[in-house]
Structure formats: C-alpha cells, structure tokens
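Inspection log for the structure reproduced underneath, given as structure tokens.
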Amino acid sequence: MDSKEQALFTEKLNEIRETAVLQGNSVTTEQIKETFSELNFNDAQFELVVNYLKGFHIGVDEEGDIEAAFTTEDRDFLEMYLSEIDELEPVSDGRKQALLIGAAAGDKSVKDALISAFLPQVVELSKMYAGQGALIEDLIGEGNVALAVCMDMLEGAQSAEAAEDLIMHSIMEAMENLIYEDNREKLAFDDWAEEANEVMDKAHELYEIYQRKVTVDELCRDGGFEKDFVMDVINVTGGKIEYIEPAPGKTTES
C-alpha cells in the first residue's frame with residue numbers, strides 16, 4: 001500500500017471496530033466487505049482483517065466473546081462498580097428519549113438525570129474495548145468524563161437519536177484515545193527497555209574482556225551509548241548493575 005491507501009486502511013479499520021462496538025462486539029462479513037470496498041481487497045487481505053478483528057474478540061458472523069479479554073482486575077472492578085450503579089433508579093427508554101429531547105432543546109436541568117441514564121452504557125462500551133491496552137476501570141473513568149463533558153454539546157441536536165449518537169461517539173472516542181496513549185507509552189517504554197538491555201549486555205561483554213568492572217566512559221566509548229542514557233539506566237536500577245563501576249556517590253553490590 002502507498003501512504004494514501006495506508007491512511008484509508010487505518011480509517012476503515014477504526015470504522016469497522018466502532019461498528020463492532022455499537023453492535024455488541026460483532027460484525028458481519030458483508031459489513032467488513034462494504035467498509036473496505038474502496039481498497040479492493042483480495043481474499044488473503046480480507047482474511048487478515050477478519051483475523052485482526054477476531055484477535056480483539058470481535059465476532060465475525062457470530063457473537064463476540066467479550067469477557068475473554070477481561071483481566072482479574074477488570075472482573076473485580078466491574079463487580080464492585082456494577083453493584084454501585086445498580087442502586088441507581090432504572091431509566092426507561094421512553095424517559096431516556098424525553099431527557100435527550102430536553103437536552104437538545106437546551107434544558108440544563110436534565111443534565112444529571114441524563115448522565116445517570118447513560119452510566120450503564122459507559123460500562124457496556126468499556127467491555128468492548130477490554131484487552132486493548134487499558135484497564136476497564138480506566139476506560140470507564142475516561143468514558144464518564146466524556147459523558148459529563150458532552151452534556152454541554154447536546155443543545156441544538158436535530159433529534160433525540162442525534163443527541164444519543166453524539167454521546168455514544170464522545171464516550172467511544174475518549175476510550176480509544178486512552179488506549180492509543182497507553183499503548184504509545186508502552187511502546188516508548190519497551191523501546192527504552194530494549195536499549196537499556198543493550199547497555200547491560202555490553203557491560204557484561206566488556207566485563208568478560210577486561211576481567212573487571214567497566215567505567216561509564218568505557219561503556220559509552222566501546223558501546224556507542226550516550227552518557228546521559230547510560231546514567232539513566234544506572235539510576236533506574238539503583239546503581240546496582242554488577243558489571244559497571246559505581247558512579248560517584250553510588251555503591252554497587254557484587
């Protein structure tokens with residue numbers, strides 16, 4: 001794919017995942033084909049998309065296994081949180097529609113009731129994003145913030161359905177942004193950890209050659225590392241890398 005096709009592919013991938021979330025974590029083969037129709041996929045490329053979706057426990061022509069991605073921490077939090085919101089007075093579909101119409105008309109008095117009405121849907125959406133790099137607790141937290149913020153954006157919505165769409169997409173966008181940021185931070189840490197391992201491996205290699213602990217300067221010279229980075233690695237380990245001479249003011253354990 002060229003850069004334009006890659007951008008379109010990413011856009012369509014996000015689109016089909018959002019469709020799956022709104023449909024209870026499942027999509028049909030026809031929906032996938034329609035979504036990616038502009039890319040003229042062959043059978044092998046189509047199968048890659050299907051396998052990608054299944055990797056996120058999204059069902060293709062079947063129900064998705066939402067709970068498969070739950071961690072023990074997710075399950076414990078959901079049990080506690082659901083027991084709390086179960087104490088809220090249930091909101092009927094008719095009442096929810098009336099609240100949405102009021103919000104669209106600019107009635108600020110419905111804000112708190114509308115937030116309460118959508119709290120269970122925040123939970124359901126969080127389940128669909130489980131296993132993608134963020135804990136359900138954090139997903140619900142971000143979703144609830146987005147829910148509260150978008151209350152001030154509902155005035156002027158053309159219908160109750162349009163207001164509800166705005167709420168749902170605001171919640172989903174907040175959760176997707178959280179996942180993106182968490183994964184980006186994890187990738188950055190993984191890259192740092194990989195380079196840190198290279199420092200320690202090189203220190204071991206030089207230790208074997210010199211038959212003594214090496215200095216930071218020797219490690220930087222022979223390994224091609226930046227001194228600041230080596231010092232960061234040493235500091236993170238508490239100055240206890242056995243193959244490196246302690247920095248001034250540090251002690252090591254052999």
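Each chain in the structure tokens gets a letter, A, B, ..., in the order shown, and its residues are numbered from 1; ligands are numbered from 1 in order too.
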Neighbours of stretch 163-179 of chain A within 7 Å (only C-alpha atoms; same-chain residues fewer than 6 positions away dropped), as number ranges by chain?
A: 100, 104, 132-134, 139, 142-143, 146-147, 150, 154, 157
Would you return as an MDAnalysis selection string the members of stretch 9-247 of chain A that DSSP assigns to strand (DSSP E or B) on this structure's backbone?
chainID A and resid 26:27 59:60 214 244
Please run DSSP on the backbone and report, as a PyMOL selection string, all residues within stretch 70-232 of chain A that come out as helix (DSSP H, G or I).
chain A and resi 72-85+93-104+108-128+136-153+160-210+216-223+227-232
Leaving out stretch 89-96 of chain A and any residue of its chain fewer than 6 positions from it, which residues lie within 9 Å of it when counting only C-alpha atoms, given as a list of chain:residue names?
A:Ala113, A:Leu114, A:Ser116, A:Ala117, A:Phe118, A:Ala160
Please dump the current selection as a PDB file, in the first residue's frame; keep C-alpha atoms.
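Final output, saved to part-v6.pdb:
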ATOM      1  CA  ALA A 113     -30.529  12.586  35.078  1.00  0.00           C
ATOM      2  CA  LEU A 114     -29.163  12.060  31.563  1.00  0.00           C
ATOM      3  CA  SER A 116     -27.153   8.671  35.235  1.00  0.00           C
ATOM      4  CA  ALA A 117     -29.175   7.190  32.386  1.00  0.00           C
ATOM      5  CA  PHE A 118     -26.027   6.609  30.313  1.00  0.00           C
ATOM      6  CA  ALA A 160     -33.026  12.506  20.340  1.00  0.00           C
TER       7      ALA A 160
END
So which one's closest to A:Glu62, A:Met80, A:Glu87, A:Val27, A:Phe36? Using only C-alpha atoms, please.
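Closest residue, counting only C-alpha atoms: A:Val27.
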Pick from A:Ala103, A:Ile85, A:Leu22, A:Ala68, whichever lies nearest to A:Ala162 using only C-alpha atoms:
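Looking only at the distances to A:Ala162, the closest residue turns out to be A:Ala103.
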